[in-house]
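Student: Sharing a structure below in structure tokens format, with a few things to ask.
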Amino acid sequence: MVDEGRTYRLDRIPAAAVRFARALDRNRERIAAEEGLSASELRALFYIGEHLRVTPKQLATHMHVTTGAVTFITRRLVELQMLSRSDHPDDRRSLFLELTPRAHAAMDRIHAEFDEMIRASTAQLDDQQLEQFTASLESVATAIAERTALAAAARSVATL
């Protein structure tokens, strides 16, 4: 029997975490739309921007997609003059993906807007509260990442 009238709601910290994550997702979707990009294309740019240059395989691993999907994403970003490809000096079958000056300008703009949004959104916190909030957010993010990695590893072992 299906209980069609049942809803699932979180409260307290889990509910706040979900609202925070959704707000960040909506902001990322807005940024992508304003830049004329898909969410995946924006994720790719952010990852490449964090690492200076990456191989398609590294990008695929990070994004949990196939190298074919990365080829599709990066081809479009090259067409938009947001990415450039360069030969890999140690592997002639691979290449490096790097941001172009146009992508760097977009990333500068996106980061400045995000910094301002966070600054304005936390303006009611004094310096001590802001430090405590930052430390708590870092701690929770680290713990979630560790638990997620452990759960993924356990699932991997269970499927062997």
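Residue names in the structure tokens use chain letters A, B, ... in the order shown, residue numbers from 1 in each chain, and ligand numbers from 1 in the order shown.
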Determine which residues of chain A receive a DSSP assignment of alpha helix (DSSP H), computed from the backbone, and state them as a PyMOL selection string.

Tutor: chain A and resi 12-35+39-51+56-63+67-79+101-121+127-158

Student: Using only C-alpha atoms, find each residue of region 52-157 of chain A with at least one atom at most 8 Å away from an atom of region 17-41 of chain A; report its shortest atom-to-atom pair and that distance in Å (one decimal), sort the rows by chain and rising residue number, and return the result as JSON lines.

Tutor:
{"residue": "A:Ile73", "atom": "CA", "partner": "A:Glu41", "partner_atom": "CA", "distance": 5.9}
{"residue": "A:Thr74", "atom": "CA", "partner": "A:Glu41", "partner_atom": "CA", "distance": 7.6}
{"residue": "A:Leu77", "atom": "CA", "partner": "A:Glu41", "partner_atom": "CA", "distance": 7.1}
{"residue": "A:Ala106", "atom": "CA", "partner": "A:Glu35", "partner_atom": "CA", "distance": 7.9}
{"residue": "A:Ile110", "atom": "CA", "partner": "A:Ile31", "partner_atom": "CA", "distance": 7.4}

Student: Please list as a ChimeraX atom specification every residue within 12 Å of Asp87 (chain A), counting only C-alpha atoms and excluding residues in the same chain fewer than 5 positions away.

Tutor: /A:53-56,92-98

Student: Limited to N, CA and C atoms, could you put the picked residues into a file as an mmCIF file, in the first residue's frame?

Tutor:
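Below is the file that was written, selection_9.cif:
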data_model
loop_
_atom_site.group_PDB
_atom_site.id
_atom_site.type_symbol
_atom_site.label_atom_id
_atom_site.label_comp_id
_atom_site.auth_asym_id
_atom_site.auth_seq_id
_atom_site.Cartn_x
_atom_site.Cartn_y
_atom_site.Cartn_z
ATOM 1 N N ARG A 53 45.087 23.759 -14.829
ATOM 2 C CA ARG A 53 44.864 22.966 -16.041
ATOM 3 C C ARG A 53 44.667 21.513 -15.632
ATOM 4 N N VAL A 54 43.804 20.844 -16.373
ATOM 5 C CA VAL A 54 43.481 19.449 -16.057
ATOM 6 C C VAL A 54 43.355 18.661 -17.347
ATOM 7 N N THR A 55 43.433 17.355 -17.206
ATOM 8 C CA THR A 55 43.183 16.478 -18.353
ATOM 9 C C THR A 55 41.680 16.192 -18.415
ATOM 10 N N PRO A 56 41.190 15.797 -19.573
ATOM 11 C CA PRO A 56 39.775 15.415 -19.657
ATOM 12 C C PRO A 56 39.424 14.289 -18.681
ATOM 13 N N ARG A 92 51.185 11.729 -25.278
ATOM 14 C CA ARG A 92 50.727 12.246 -26.580
ATOM 15 C C ARG A 92 49.270 11.909 -26.866
ATOM 16 N N ARG A 93 48.681 10.976 -26.098
ATOM 17 C CA ARG A 93 47.267 10.634 -26.295
ATOM 18 C C ARG A 93 46.344 11.523 -25.471
ATOM 19 N N SER A 94 46.916 12.384 -24.631
ATOM 20 C CA SER A 94 46.103 13.224 -23.757
ATOM 21 C C SER A 94 46.369 14.698 -24.059
ATOM 22 N N LEU A 95 45.639 15.522 -23.398
ATOM 23 C CA LEU A 95 45.797 16.967 -23.548
ATOM 24 C C LEU A 95 45.435 17.644 -22.243
ATOM 25 N N PHE A 96 45.724 18.926 -22.173
ATOM 26 C CA PHE A 96 45.346 19.725 -21.023
ATOM 27 C C PHE A 96 44.251 20.697 -21.420
ATOM 28 N N LEU A 97 43.342 20.949 -20.488
ATOM 29 C CA LEU A 97 42.291 21.950 -20.641
ATOM 30 C C LEU A 97 42.645 23.128 -19.740
ATOM 31 N N GLU A 98 42.577 24.327 -20.290
ATOM 32 C CA GLU A 98 42.912 25.531 -19.538
ATOM 33 C C GLU A 98 41.897 26.623 -19.835
#

Student: As a short mmCIF file (atom, residue, chain, number, x, y, z; two decimals) with N, CA, C and O atoms, in the first residue's frame, please: every residue in chain A that DSSP puts in strand (DSSP E or B).

Tutor:
data_model
loop_
_atom_site.label_atom_id
_atom_site.label_comp_id
_atom_site.auth_asym_id
_atom_site.auth_seq_id
_atom_site.Cartn_x
_atom_site.Cartn_y
_atom_site.Cartn_z
N ARG A 53 45.09 23.76 -14.83
CA ARG A 53 44.86 22.97 -16.04
C ARG A 53 44.67 21.51 -15.63
O ARG A 53 45.26 21.04 -14.66
N VAL A 54 43.80 20.84 -16.37
CA VAL A 54 43.48 19.45 -16.06
C VAL A 54 43.36 18.66 -17.35
O VAL A 54 43.16 19.22 -18.42
N LEU A 83 37.57 27.84 -23.03
CA LEU A 83 38.62 26.84 -22.76
C LEU A 83 39.54 26.76 -23.95
O LEU A 83 39.13 26.95 -25.09
N SER A 84 40.78 26.41 -23.63
CA SER A 84 41.72 26.07 -24.69
C SER A 84 42.28 24.69 -24.38
O SER A 84 42.29 24.25 -23.23
N ARG A 85 42.71 24.01 -25.44
CA ARG A 85 43.33 22.70 -25.30
C ARG A 85 44.80 22.84 -25.67
O ARG A 85 45.14 23.55 -26.60
N SER A 86 45.64 22.16 -24.90
CA SER A 86 47.06 22.14 -25.24
C SER A 86 47.58 20.72 -25.09
O SER A 86 47.04 19.92 -24.34
N ASP A 87 48.64 20.43 -25.83
CA ASP A 87 49.22 19.09 -25.79
C ASP A 87 49.75 18.77 -24.40
O ASP A 87 50.30 19.63 -23.71
N LEU A 95 45.64 15.52 -23.40
CA LEU A 95 45.80 16.97 -23.55
C LEU A 95 45.44 17.64 -22.24
O LEU A 95 44.93 17.01 -21.32
N PHE A 96 45.72 18.93 -22.17
CA PHE A 96 45.35 19.72 -21.02
C PHE A 96 44.25 20.70 -21.42
O PHE A 96 44.24 21.22 -22.54
N LEU A 97 43.34 20.95 -20.49
CA LEU A 97 42.29 21.95 -20.64
C LEU A 97 42.65 23.13 -19.74
O LEU A 97 42.98 22.93 -18.57
N GLU A 98 42.58 24.33 -20.29
CA GLU A 98 42.91 25.53 -19.54
C GLU A 98 41.90 26.62 -19.83
O GLU A 98 41.32 26.68 -20.93
N LEU A 99 41.70 27.51 -18.85
CA LEU A 99 40.81 28.64 -19.05
C LEU A 99 41.45 29.64 -20.02
O LEU A 99 42.66 29.84 -20.00
#
